[in-house]
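What follows is target24.tsv (TSV, C-alpha atoms (C1' of nucleotides)).
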```
chain	number	residue	atom	x	y	z
R	20	MET	CA	6.40	25.90	22.65
R	21	LEU	CA	3.71	23.39	21.75
R	22	SER	CA	3.53	19.74	22.65
R	23	ILE	CA	2.75	17.35	19.83
R	24	GLY	CA	-0.82	17.04	21.06
R	25	ASN	CA	-1.36	20.78	21.00
R	26	LEU	CA	0.24	21.07	17.59
R	27	SER	CA	-2.16	18.39	16.49
R	28	LYS	CA	-5.15	20.34	17.80
R	29	ALA	CA	-3.87	23.56	16.29
R	30	THR	CA	-3.48	22.11	12.79
R	31	GLY	CA	-5.96	19.27	12.67
R	32	VAL	CA	-3.20	16.81	11.80
R	33	LYS	CA	-3.23	13.68	13.93
R	34	VAL	CA	-0.38	12.99	16.32
R	35	PRO	CA	0.95	9.84	14.64
R	36	THR	CA	0.79	11.62	11.31
R	37	ILE	CA	3.00	14.41	12.65
R	38	ARG	CA	5.54	11.85	13.80
R	39	TYR	CA	5.27	10.19	10.41
R	40	TYR	CA	5.98	13.48	8.64
R	41	GLU	CA	9.07	13.91	10.77
R	42	GLN	CA	10.16	10.39	9.92
R	43	ILE	CA	9.98	11.03	6.19
R	44	ASP	CA	11.72	14.40	6.62
R	45	LEU	CA	8.77	16.50	5.66
R	46	LEU	CA	9.08	18.15	9.05
R	47	PRO	CA	12.46	18.84	10.69
R	48	GLU	CA	13.46	16.86	13.76
R	49	ALA	CA	11.63	18.39	16.68
R	50	ALA	CA	13.36	19.87	19.70
R	51	ARG	CA	12.89	17.81	22.84
R	52	SER	CA	11.90	18.57	26.42
R	53	ALA	CA	13.88	17.36	29.43
R	54	GLY	CA	11.72	14.23	29.35
R	55	ASN	CA	12.30	13.59	25.63
R	56	GLN	CA	8.97	14.88	24.41
R	57	ARG	CA	8.70	16.82	21.18
R	58	LEU	CA	8.36	20.60	21.31
R	59	TYR	CA	7.30	22.82	18.45
R	60	GLY	CA	7.65	26.51	17.72
R	61	PRO	CA	5.57	28.70	15.41
R	62	LYS	CA	7.69	27.89	12.35
R	63	THR	CA	6.80	24.25	12.44
R	64	LEU	CA	3.20	25.16	13.11
R	65	GLU	CA	3.17	27.18	9.90
R	66	ARG	CA	4.93	24.49	7.95
R	67	LEU	CA	2.49	21.85	9.12
R	68	ALA	CA	-0.49	24.05	8.34
R	69	PHE	CA	0.91	24.45	4.85
R	70	ILE	CA	1.26	20.71	4.46
R	71	ARG	CA	-2.19	20.11	5.79
R	72	HIS	CA	-3.76	22.57	3.44
R	73	ALA	CA	-1.93	21.19	0.45
R	74	ARG	CA	-2.97	17.65	1.40
R	75	ASP	CA	-6.56	18.80	1.61
R	76	LEU	CA	-6.17	20.05	-1.94
R	77	GLY	CA	-5.04	16.61	-2.98
R	78	PHE	CA	-1.34	17.30	-3.53
R	79	PRO	CA	0.75	14.18	-3.00
R	80	LEU	CA	3.47	14.40	-0.36
R	81	GLU	CA	6.26	14.46	-2.92
R	82	GLU	CA	4.81	17.52	-4.59
R	83	ILE	CA	4.33	19.15	-1.21
R	84	ARG	CA	7.99	18.52	-0.56
R	85	GLU	CA	8.79	20.40	-3.76
R	86	LEU	CA	6.44	23.23	-2.89
R	87	LEU	CA	8.05	23.56	0.53
R	88	SER	CA	11.54	23.74	-0.84
R	89	LEU	CA	10.41	26.33	-3.37
R	90	SER	CA	8.77	28.43	-0.70
R	91	ASP	CA	12.00	28.33	1.28
R	92	ASP	CA	13.62	30.32	-1.50
R	93	PRO	CA	11.32	33.32	-1.98
R	94	SER	CA	13.45	35.15	-4.51
R	95	GLN	CA	12.97	32.53	-7.20
R	96	PRO	CA	10.36	32.98	-9.92
R	97	CYS	CA	7.21	31.14	-9.06
R	98	GLN	CA	6.82	29.38	-12.38
R	99	ALA	CA	7.80	26.08	-10.83
R	100	VAL	CA	5.12	26.51	-8.21
R	101	ASP	CA	2.53	27.21	-10.84
R	102	GLN	CA	3.57	24.17	-12.79
R	103	ILE	CA	2.93	21.94	-9.83
R	104	ALA	CA	-0.45	23.51	-9.22
R	105	VAL	CA	-1.36	23.22	-12.89
R	106	ARG	CA	-0.37	19.58	-12.87
R	107	GLN	CA	-2.50	19.00	-9.82
R	108	LEU	CA	-5.43	20.76	-11.43
R	109	ALA	CA	-5.09	18.56	-14.49
R	110	ALA	CA	-5.03	15.46	-12.31
R	111	VAL	CA	-8.16	16.60	-10.51
R	112	ASN	CA	-9.92	17.29	-13.78
R	113	ALA	CA	-9.01	13.89	-15.16
R	114	ARG	CA	-10.37	12.19	-12.08
R	115	ILE	CA	-13.60	14.12	-12.24
R	116	GLU	CA	-14.16	13.11	-15.82
R	117	ARG	CA	-13.54	9.48	-15.11
R	118	LEU	CA	-15.79	9.49	-12.10
R	119	ALA	CA	-18.56	11.19	-14.03
R	120	ALA	CA	-18.43	8.41	-16.61
R	121	LEU	CA	-18.62	5.80	-13.88
R	122	ARG	CA	-21.56	7.55	-12.31
R	123	THR	CA	-23.43	7.48	-15.58
R	124	GLU	CA	-22.92	3.81	-15.98
R	125	LEU	CA	-23.78	2.94	-12.41
R	126	GLU	CA	-26.99	4.89	-12.77
R	127	ARG	CA	-27.83	3.12	-16.01
R	128	MET	CA	-27.26	-0.24	-14.38
R	129	LEU	CA	-29.46	0.60	-11.43
R	130	HIS	CA	-32.28	2.02	-13.52
R	131	GLN	CA	-32.50	-1.14	-15.52
R	132	CYS	CA	-32.82	-3.36	-12.47
R	133	ARG	CA	-36.34	-4.66	-12.04
R	134	CYS	CA	-35.43	-5.88	-8.58
R	135	GLY	CA	-36.33	-9.52	-8.96
R	136	THR	CA	-33.91	-12.32	-8.19
R	137	VAL	CA	-30.19	-12.36	-8.76
R	138	ALA	CA	-30.83	-14.63	-11.73
R	139	ASP	CA	-32.18	-11.76	-13.82
R	140	CYS	CA	-30.47	-8.87	-12.09
R	141	ARG	CA	-29.22	-6.31	-14.55
R	142	VAL	CA	-26.44	-5.24	-12.26
R	143	ILE	CA	-24.92	-8.69	-12.10
R	144	GLU	CA	-25.55	-9.16	-15.78
R	145	VAL	CA	-23.86	-5.97	-16.85
R	146	LEU	CA	-20.91	-6.60	-14.61
R	147	GLY	CA	-20.49	-10.03	-16.15
R	148	ASN	CA	-20.82	-8.91	-19.72
R	149	HIS	CA	-19.04	-5.82	-20.85
R	150	GLU	CA	-20.99	-5.65	-24.11
R	151	LEU	CA	-24.10	-4.70	-22.17
R	152	CYS	CA	-22.74	-1.52	-20.74
R	153	GLY	CA	-22.28	2.05	-21.85
R	154	HIS	CA	-18.71	1.12	-22.69
R	155	ASP	CA	-15.40	2.79	-22.53
R	156	HIS	CA	-14.46	3.12	-18.94
R	157	GLY	CA	-10.84	2.33	-19.67
R	158	THR	CA	-8.42	0.40	-17.52
R	159	ALA	CA	-7.14	1.61	-14.16
R	160	ALA	CA	-9.68	2.14	-11.45
R	161	ASP	CA	-6.93	3.39	-9.19
R	162	GLN	CA	-6.66	6.60	-11.17
R	163	LEU	CA	-10.04	7.66	-9.92
U	139	MET	CA	-7.50	-24.30	-21.55
U	140	LEU	CA	-5.77	-20.94	-21.36
U	141	SER	CA	-2.34	-20.16	-19.98
U	142	ILE	CA	-2.11	-17.30	-17.55
U	143	GLY	CA	-0.65	-15.08	-20.27
U	144	ASN	CA	-3.56	-15.76	-22.59
U	145	LEU	CA	-6.07	-15.24	-19.83
U	146	SER	CA	-4.35	-11.94	-19.19
U	147	LYS	CA	-4.68	-10.92	-22.84
U	148	ALA	CA	-8.29	-12.06	-22.95
U	149	THR	CA	-9.34	-10.01	-19.92
U	150	GLY	CA	-6.88	-7.15	-19.80
U	151	VAL	CA	-5.84	-8.09	-16.26
U	152	LYS	CA	-2.09	-8.26	-15.78
U	153	VAL	CA	-0.44	-11.59	-15.05
U	154	PRO	CA	0.82	-10.75	-11.54
U	155	THR	CA	-2.60	-9.38	-10.70
U	156	ILE	CA	-4.23	-12.68	-11.65
U	157	ARG	CA	-1.85	-14.51	-9.36
U	158	TYR	CA	-2.60	-11.97	-6.67
U	159	TYR	CA	-6.34	-12.53	-7.04
U	160	GLU	CA	-5.76	-16.25	-6.61
U	161	GLN	CA	-3.68	-15.58	-3.52
U	162	ILE	CA	-6.45	-13.61	-1.85
U	163	ASP	CA	-9.04	-16.21	-2.90
U	164	LEU	CA	-10.89	-14.00	-5.30
U	165	LEU	CA	-10.13	-16.60	-7.96
U	166	PRO	CA	-10.07	-20.33	-7.19
U	167	GLU	CA	-6.77	-22.18	-7.23
U	168	ALA	CA	-5.96	-22.82	-10.86
U	169	ALA	CA	-5.48	-26.27	-12.32
U	170	ARG	CA	-1.88	-27.01	-13.28
U	171	SER	CA	-0.18	-28.44	-16.33
U	172	ALA	CA	2.36	-31.25	-16.15
U	173	GLY	CA	5.03	-28.59	-15.75
U	174	ASN	CA	3.18	-26.80	-12.91
U	175	GLN	CA	1.85	-23.92	-14.97
U	176	ARG	CA	-1.61	-22.53	-14.35
U	177	LEU	CA	-4.43	-23.50	-16.69
U	178	TYR	CA	-7.78	-21.75	-16.92
U	179	GLY	CA	-11.17	-22.76	-18.31
U	180	PRO	CA	-14.01	-20.52	-19.48
U	181	LYS	CA	-15.54	-20.28	-16.01
U	182	THR	CA	-12.52	-18.51	-14.60
U	183	LEU	CA	-12.36	-16.34	-17.69
U	184	GLU	CA	-15.90	-15.17	-16.98
U	185	ARG	CA	-15.23	-14.65	-13.33
U	186	LEU	CA	-12.14	-12.61	-14.03
U	187	ALA	CA	-13.95	-10.51	-16.63
U	188	PHE	CA	-16.59	-9.81	-14.00
U	189	ILE	CA	-13.96	-8.75	-11.51
U	190	ARG	CA	-12.22	-6.59	-14.04
U	191	HIS	CA	-15.38	-4.82	-15.03
U	192	ALA	CA	-16.39	-4.21	-11.44
U	193	ARG	CA	-12.91	-2.84	-10.68
U	194	ASP	CA	-13.22	-0.50	-13.64
U	195	LEU	CA	-16.40	0.76	-12.06
U	196	GLY	CA	-14.51	1.49	-8.88
U	197	PHE	CA	-15.84	-1.30	-6.70
U	198	PRO	CA	-13.34	-2.29	-4.01
U	199	LEU	CA	-12.28	-5.93	-3.98
U	200	GLU	CA	-14.27	-6.74	-0.86
U	201	GLU	CA	-17.48	-5.60	-2.47
U	202	ILE	CA	-16.62	-7.56	-5.56
U	203	ARG	CA	-16.19	-10.59	-3.36
U	204	GLU	CA	-19.73	-10.02	-2.08
U	205	LEU	CA	-21.11	-9.51	-5.56
U	206	LEU	CA	-19.48	-12.74	-6.71
U	207	SER	CA	-20.92	-14.77	-3.90
U	208	LEU	CA	-24.34	-13.26	-4.57
U	209	SER	CA	-24.14	-14.07	-8.25
U	210	ASP	CA	-23.29	-17.65	-7.33
U	211	ASP	CA	-26.76	-17.95	-5.84
U	212	PRO	CA	-29.10	-16.78	-8.59
U	213	SER	CA	-32.36	-17.59	-6.83
U	214	GLN	CA	-31.87	-14.94	-4.16
U	215	PRO	CA	-33.56	-11.57	-4.47
U	216	CYS	CA	-31.19	-9.02	-5.90
U	217	GLN	CA	-31.77	-6.36	-3.29
U	218	ALA	CA	-28.35	-7.00	-1.76
U	219	VAL	CA	-26.74	-6.49	-5.14
U	220	ASP	CA	-28.55	-3.23	-5.61
U	221	GLN	CA	-27.52	-2.04	-2.21
U	222	ILE	CA	-23.87	-2.53	-3.07
U	223	ALA	CA	-24.29	-0.68	-6.33
U	224	VAL	CA	-26.17	2.15	-4.65
U	225	ARG	CA	-23.45	2.44	-2.05
U	226	GLN	CA	-20.85	2.58	-4.77
U	227	LEU	CA	-22.82	5.23	-6.62
U	228	ALA	CA	-22.99	7.32	-3.46
U	229	ALA	CA	-19.26	6.99	-2.97
U	230	VAL	CA	-18.63	8.09	-6.54
U	231	ASN	CA	-20.92	11.08	-6.13
U	232	ALA	CA	-19.23	12.13	-2.92
U	233	ARG	CA	-15.84	11.99	-4.57
U	234	ILE	CA	-17.02	14.02	-7.52
U	235	GLU	CA	-18.35	16.73	-5.26
U	236	ARG	CA	-15.16	16.93	-3.28
U	237	LEU	CA	-13.03	17.02	-6.38
U	238	ALA	CA	-15.17	19.74	-7.91
U	239	ALA	CA	-14.59	21.89	-4.82
U	240	LEU	CA	-10.86	21.31	-5.05
U	241	ARG	CA	-10.87	22.22	-8.70
U	242	THR	CA	-12.57	25.49	-7.94
U	243	GLU	CA	-10.03	26.41	-5.37
U	244	LEU	CA	-7.05	25.37	-7.44
U	245	GLU	CA	-8.37	27.51	-10.27
U	246	ARG	CA	-8.86	30.46	-7.98
U	247	MET	CA	-5.32	30.12	-6.70
U	248	LEU	CA	-3.88	29.96	-10.17
U	249	HIS	CA	-5.90	32.88	-11.50
U	250	GLN	CA	-4.65	35.11	-8.74
U	251	CYS	CA	-1.01	34.34	-9.43
U	252	ARG	CA	0.75	37.25	-11.08
U	253	CYS	CA	3.69	35.02	-11.85
U	254	GLY	CA	6.41	37.02	-10.16
U	255	THR	CA	8.72	35.53	-7.58
U	256	VAL	CA	7.90	32.96	-4.98
U	257	ALA	CA	7.93	35.75	-2.41
U	258	ASP	CA	4.60	37.08	-3.64
U	259	CYS	CA	3.18	33.96	-5.19
U	260	ARG	CA	-0.49	33.56	-4.43
U	261	VAL	CA	-0.29	29.81	-4.65
U	262	ILE	CA	2.29	29.56	-1.91
U	263	GLU	CA	0.50	32.19	0.07
U	264	VAL	CA	-2.88	30.51	-0.05
U	265	LEU	CA	-1.40	27.17	0.80
U	266	GLY	CA	0.26	28.68	3.83
U	267	ASN	CA	-2.75	30.58	5.06
U	268	HIS	CA	-6.07	28.89	5.09
U	269	GLU	CA	-7.94	32.16	5.69
U	270	LEU	CA	-7.08	33.25	2.17
U	271	CYS	CA	-8.89	30.46	0.44
U	272	GLY	CA	-12.41	29.62	-0.61
U	273	HIS	CA	-12.65	27.56	2.55
U	274	ASP	CA	-14.30	24.38	3.55
U	275	HIS	CA	-12.48	21.63	1.89
U	276	GLY	CA	-12.79	19.42	4.97
U	277	THR	CA	-10.26	16.91	6.22
U	278	ALA	CA	-9.37	13.71	4.45
U	279	ALA	CA	-7.76	14.08	1.08
U	280	ASP	CA	-7.74	10.30	0.76
U	281	GLN	CA	-11.46	10.24	0.23
U	282	LEU	CA	-11.02	11.90	-3.11
V	205	DT	C1'	-0.01	11.24	45.88
V	206	DT	C1'	-2.05	8.93	42.66
V	207	DA	C1'	-4.66	8.20	38.58
V	208	DA	C1'	-5.55	9.61	34.01
V	209	DT	C1'	-3.77	11.37	30.13
V	210	DT	C1'	-0.37	12.15	27.00
V	211	DG	C1'	3.87	11.06	25.25
V	212	DC	C1'	7.73	7.80	23.57
V	213	DT	C1'	9.61	3.89	20.20
V	214	DC	C1'	8.94	0.14	17.40
V	215	DT	C1'	6.57	-3.07	14.53
V	216	DA	C1'	2.91	-4.40	11.61
V	217	DG	C1'	-1.13	-3.57	8.79
V	218	DC	C1'	-4.47	-1.35	5.19
V	219	DA	C1'	-5.69	-1.34	-0.47
V	220	DA	C1'	-4.43	-3.18	-4.57
V	221	DC	C1'	-1.24	-4.05	-6.65
V	222	DT	C1'	3.95	-3.69	-8.89
V	223	DA	C1'	8.79	-4.88	-9.29
V	224	DG	C1'	12.60	-7.75	-8.89
V	225	DA	C1'	15.51	-11.91	-8.00
V	226	DG	C1'	16.52	-16.29	-9.31
V	227	DG	C1'	14.99	-20.33	-11.24
V	228	DT	C1'	11.91	-23.71	-14.62
V	229	DT	C1'	9.13	-24.89	-18.68
V	230	DC	C1'	7.59	-24.37	-23.20
V	231	DA	C1'	7.31	-23.39	-28.38
V	232	DA	C1'	9.72	-22.43	-32.51
V	233	DG	C1'	13.69	-22.23	-35.62
V	234	DG	C1'	17.84	-24.30	-37.38
D	33	DC	C1'	17.73	-33.03	-31.58
D	34	DC	C1'	19.17	-28.84	-29.76
D	35	DT	C1'	19.16	-24.33	-28.54
D	36	DT	C1'	17.39	-19.87	-27.67
D	37	DG	C1'	14.19	-16.77	-25.94
D	38	DA	C1'	9.76	-15.94	-24.20
D	39	DA	C1'	6.70	-17.06	-20.85
D	40	DC	C1'	6.10	-19.22	-16.56
D	41	DC	C1'	7.13	-20.36	-11.44
D	42	DT	C1'	7.82	-18.81	-6.20
D	43	DC	C1'	9.13	-15.58	-2.96
D	44	DT	C1'	10.16	-11.19	-0.98
D	45	DA	C1'	9.85	-6.40	-0.70
D	46	DG	C1'	8.21	-1.87	-2.21
D	47	DT	C1'	4.51	1.61	-3.29
D	48	DT	C1'	1.25	5.85	-0.75
D	49	DG	C1'	-0.17	7.91	3.32
D	50	DC	C1'	-1.11	6.90	6.92
D	51	DT	C1'	-3.36	3.94	11.26
D	52	DA	C1'	-3.28	0.59	15.11
D	53	DG	C1'	-1.23	-1.70	18.73
D	54	DA	C1'	2.24	-3.17	22.30
D	55	DG	C1'	4.74	-1.91	26.07
D	56	DC	C1'	6.73	1.61	28.27
D	57	DA	C1'	7.96	6.83	30.37
D	58	DA	C1'	6.50	11.51	31.44
D	59	DT	C1'	3.31	14.95	32.56
D	60	DT	C1'	-0.83	17.02	34.57
D	61	DA	C1'	-5.26	17.39	37.39
D	62	DA	C1'	-7.65	16.20	41.46
```
Would you kindly transcribe this structure into structure tokens?
Amino acid sequence: MLSIGNLSKATGVKVPTIRYYEQIDLLPEAARSAGNQRLYGPKTLERLAFIRHARDLGFPLEEIRELLSLSDDPSQPCQAVDQIAVRQLAAVNARIERLAALRTELERMLHQCRCGTVADCRVIEVLGNHELCGHDHGTAADQL
Amino acid sequence: MLSIGNLSKATGVKVPTIRYYEQIDLLPEAARSAGNQRLYGPKTLERLAFIRHARDLGFPLEEIRELLSLSDDPSQPCQAVDQIAVRQLAAVNARIERLAALRTELERMLHQCRCGTVADCRVIEVLGNHELCGHDHGTAADQL
DNA sequence: TTAATTGCTCTAGCAACTAGAGGTTCAAGG
DNA sequence: CCTTGAACCTCTAGTTGCTAGAGCAATTAA
């Protein structure tokens, strides 16, 4: 049985994060030692490694929750799993496109800067006046 | 003088967001009408447009705060401005790289799926076992 | 045995907003 | 002039996925 610290080392997930996952029911309530410290078996280790890997791939916790409940029921068709992965792939692609557009414009801005004073700085100018830029980075910077 | 609703329409920034920006001192306290409603002149319109554009480019609010205070002092050299933009460009590039790696792996996972049951679903399998994957998507999904 | 480390719970904070409750003011139509 | 409905006001709390800190108890190494 692993302590929370050893589970943390084994998976690369930080200790408070493990407790947080338990709190939001992504991990089951841990067994406890005589002194009330959490103890983990190999099942939880696997489950946490799964979560960790999915997080690294950018899946939000709610989708991971779905994936976990699907993987608990191995006889089901895996269409639902695929759908989630496809959705995630689409989200990643959308973000890449947006970011590529931003990169282009940032580069444009920087290339035009003659590095004088702020008064005639292209960067400040472009930021202040949308007409001057390569246009069409839509709303919503949080969807990056 | 514009009402908050009209300022919102003019800039594309939502009404509660404008109030939020005032709260965190990104916008100055607005003048008020007889009935205590906010009124805005062209200066604030410009400032908000600047903020909006910078947000669209992915700048975090704290960097926008810096950019604004730099642009208030037009006689300074614009090196500091450039530095912020360069930093932002680097952050965007890093995110693109990471996302591209994730895309690759998601695609790999999906291609291998023979779409049977969950029991032999490659997606679930790869998520559960890191050895099976293209490796080396580091920690920190939040830096996407 | 004792000191250092690790563990516990609980609360609060981060970014950058968004949503909702519950009330006031304004502009237009009748 | 009056009424109705939209737009405005303040305030609190929620979102996502953690992270930090306070103030303790338990475990482990020297």
> Using only C-alpha atoms, which of the listed residues (U:Leu195, U:Val151, U:Val256, U:Ile262) sits closest to Ala229 in chain U?
Replying inline: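 Among the listed residues, U:Leu195 lies closest to Ala229 in chain U.
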Compile a residue-level contact table for chain R against chain U at a cut-off of 8 Å, reporting for every qualifying residue the shortest atom pair and its distance in Å to one decimal, with only C-alpha atoms counted, rows ordered by chain and ascending number, as CSV.
```
residue,atom,partner,partner_atom,distance
R:Glu65,CA,U:Gly266,CA,6.9
R:Arg66,CA,U:Gly266,CA,7.5
R:Ala68,CA,U:Gly266,CA,6.5
R:Phe69,CA,U:Gly266,CA,4.4
R:Ile70,CA,U:Leu265,CA,7.9
R:His72,CA,U:Leu265,CA,5.8
R:Ala73,CA,U:Leu265,CA,6.0
R:Arg74,CA,U:Ala279,CA,6.0
R:Asp75,CA,U:Ala279,CA,4.9
R:Leu76,CA,U:Leu240,CA,5.8
R:Gly77,CA,U:Ala279,CA,5.5
R:Leu86,CA,U:Ile262,CA,7.6
R:Leu89,CA,U:Val256,CA,7.3
R:Ser90,CA,U:Val256,CA,6.3
R:Asp92,CA,U:Val256,CA,7.2
R:Pro93,CA,U:Ala257,CA,4.2
R:Ser94,CA,U:Thr255,CA,5.7
R:Gln95,CA,U:Thr255,CA,5.2
R:Pro96,CA,U:Thr255,CA,3.8
R:Cys97,CA,U:Val256,CA,4.5
R:Gln98,CA,U:Cys253,CA,6.5
R:Val100,CA,U:Val261,CA,7.3
R:Asp101,CA,U:Leu248,CA,7.0
R:Ala104,CA,U:Leu244,CA,7.1
R:Val105,CA,U:Leu248,CA,7.7
R:Leu108,CA,U:Arg241,CA,6.3
R:Val111,CA,U:Leu237,CA,6.4
R:Asn112,CA,U:Arg241,CA,7.1
R:Arg114,CA,U:Leu237,CA,7.9
R:Ile115,CA,U:Ile234,CA,5.8
R:Leu118,CA,U:Val230,CA,6.4
R:Ala119,CA,U:Ile234,CA,7.3
R:Leu121,CA,U:Leu195,CA,5.8
R:Arg122,CA,U:Leu227,CA,6.3
R:Leu125,CA,U:Leu227,CA,6.3
R:Glu126,CA,U:Leu227,CA,7.4
R:Leu129,CA,U:Asp220,CA,7.0
R:Cys134,CA,U:Cys216,CA,5.9
R:Gly135,CA,U:Pro215,CA,5.7
R:Thr136,CA,U:Pro215,CA,3.8
R:Val137,CA,U:Cys216,CA,4.5
R:Ala138,CA,U:Pro212,CA,4.2
R:Asp139,CA,U:Pro212,CA,7.9
R:Cys140,CA,U:Cys216,CA,6.2
R:Val142,CA,U:Val219,CA,7.2
R:Ile143,CA,U:Ser209,CA,6.7
R:Leu146,CA,U:Phe188,CA,5.4
R:Gly147,CA,U:Phe188,CA,4.5
R:Asn148,CA,U:Phe188,CA,7.2
R:His149,CA,U:His191,CA,6.9
R:His156,CA,U:Asp194,CA,6.5
R:Gly157,CA,U:Asp194,CA,7.1
R:Thr158,CA,U:Asp194,CA,6.2
R:Ala159,CA,U:Asp194,CA,6.5
R:Ala160,CA,U:Asp194,CA,4.9
R:Asp161,CA,U:Gly196,CA,7.8
R:Leu163,CA,U:Gly196,CA,7.7
```
>> Using only C-alpha atoms (C1' of nucleotides) for the distances, tell me which of U:Arg176, U:Arg203, U:His249, U:Lys152 is nearest to chain D.
In response: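 For chain D, the nearest of the given residues is U:Arg176.
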Excluding range 217-234 of chain V and any residue of its chain fewer than 2 positions from it, enumerate the residues within 9 Å of it, using only C-alpha atoms (C1' of nucleotides), and give them as a PDB file with C-alpha atoms (C1' of nucleotides), in the coordinates of the input.
```pdb
ATOM      1  CA  ASP R 161      -6.930   3.390  -9.190  1.00  0.00           C
TER       2      ASP R 161
ATOM      3  CA  PRO U 154       0.820 -10.750 -11.540  1.00  0.00           C
ATOM      4  CA  THR U 155      -2.600  -9.380 -10.700  1.00  0.00           C
ATOM      5  CA  TYR U 158      -2.600 -11.970  -6.670  1.00  0.00           C
ATOM      6  CA  GLY U 173       5.030 -28.590 -15.750  1.00  0.00           C
ATOM      7  CA  ASN U 174       3.180 -26.800 -12.910  1.00  0.00           C
ATOM      8  CA  GLN U 175       1.850 -23.920 -14.970  1.00  0.00           C
ATOM      9  CA  PRO U 198     -13.340  -2.290  -4.010  1.00  0.00           C
ATOM     10  CA  LEU U 199     -12.280  -5.930  -3.980  1.00  0.00           C
TER      11      LEU U 199
ATOM     12  C1'  DC D  34      19.170 -28.840 -29.760  1.00  0.00           C
ATOM     13  C1'  DT D  35      19.160 -24.330 -28.540  1.00  0.00           C
ATOM     14  C1'  DA D  38       9.760 -15.940 -24.200  1.00  0.00           C
ATOM     15  C1'  DA D  39       6.700 -17.060 -20.850  1.00  0.00           C
ATOM     16  C1'  DC D  40       6.100 -19.220 -16.560  1.00  0.00           C
ATOM     17  C1'  DC D  41       7.130 -20.360 -11.440  1.00  0.00           C
ATOM     18  C1'  DT D  42       7.820 -18.810  -6.200  1.00  0.00           C
ATOM     19  C1'  DC D  43       9.130 -15.580  -2.960  1.00  0.00           C
ATOM     20  C1'  DT D  44      10.160 -11.190  -0.980  1.00  0.00           C
ATOM     21  C1'  DA D  45       9.850  -6.400  -0.700  1.00  0.00           C
ATOM     22  C1'  DG D  46       8.210  -1.870  -2.210  1.00  0.00           C
ATOM     23  C1'  DT D  47       4.510   1.610  -3.290  1.00  0.00           C
ATOM     24  C1'  DT D  51      -3.360   3.940  11.260  1.00  0.00           C
ATOM     25  C1'  DA D  52      -3.280   0.590  15.110  1.00  0.00           C
TER      26       DA D  52
END
```
>> Excluding range 206-212 of chain V and its own-chain neighbours fewer than 4 positions away, which residues fall within 12 Å of it when counting all atoms listed in the file? Please give them as a ChimeraX atom specification.
In response: /R:22-25,34-35,38,51-52,54-58 /D:55-62
>> Report, in Å to a single decimal, how far apart CA of Glu160 in chain U and CA of Met139 in chain U are.
In response: 17.1 Å
> Distance CA of Ala53 in chain R-C1' of DC50 in chain D, one decimal place?
Replying inline: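 Distance reported for this atom pair: 29.0 Å.
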> Could you state the separation of C1' of DC214 in chain V and CA of Ile83 in chain R in Å, given to one decimal place?
Replying inline: 27.0 Å
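In terms of minimum interatomic distance to chain D, R:Ile37 ranks closest within R:Ala113, R:Leu64, R:Ile37, R:Leu46, counting all atoms listed in the file.
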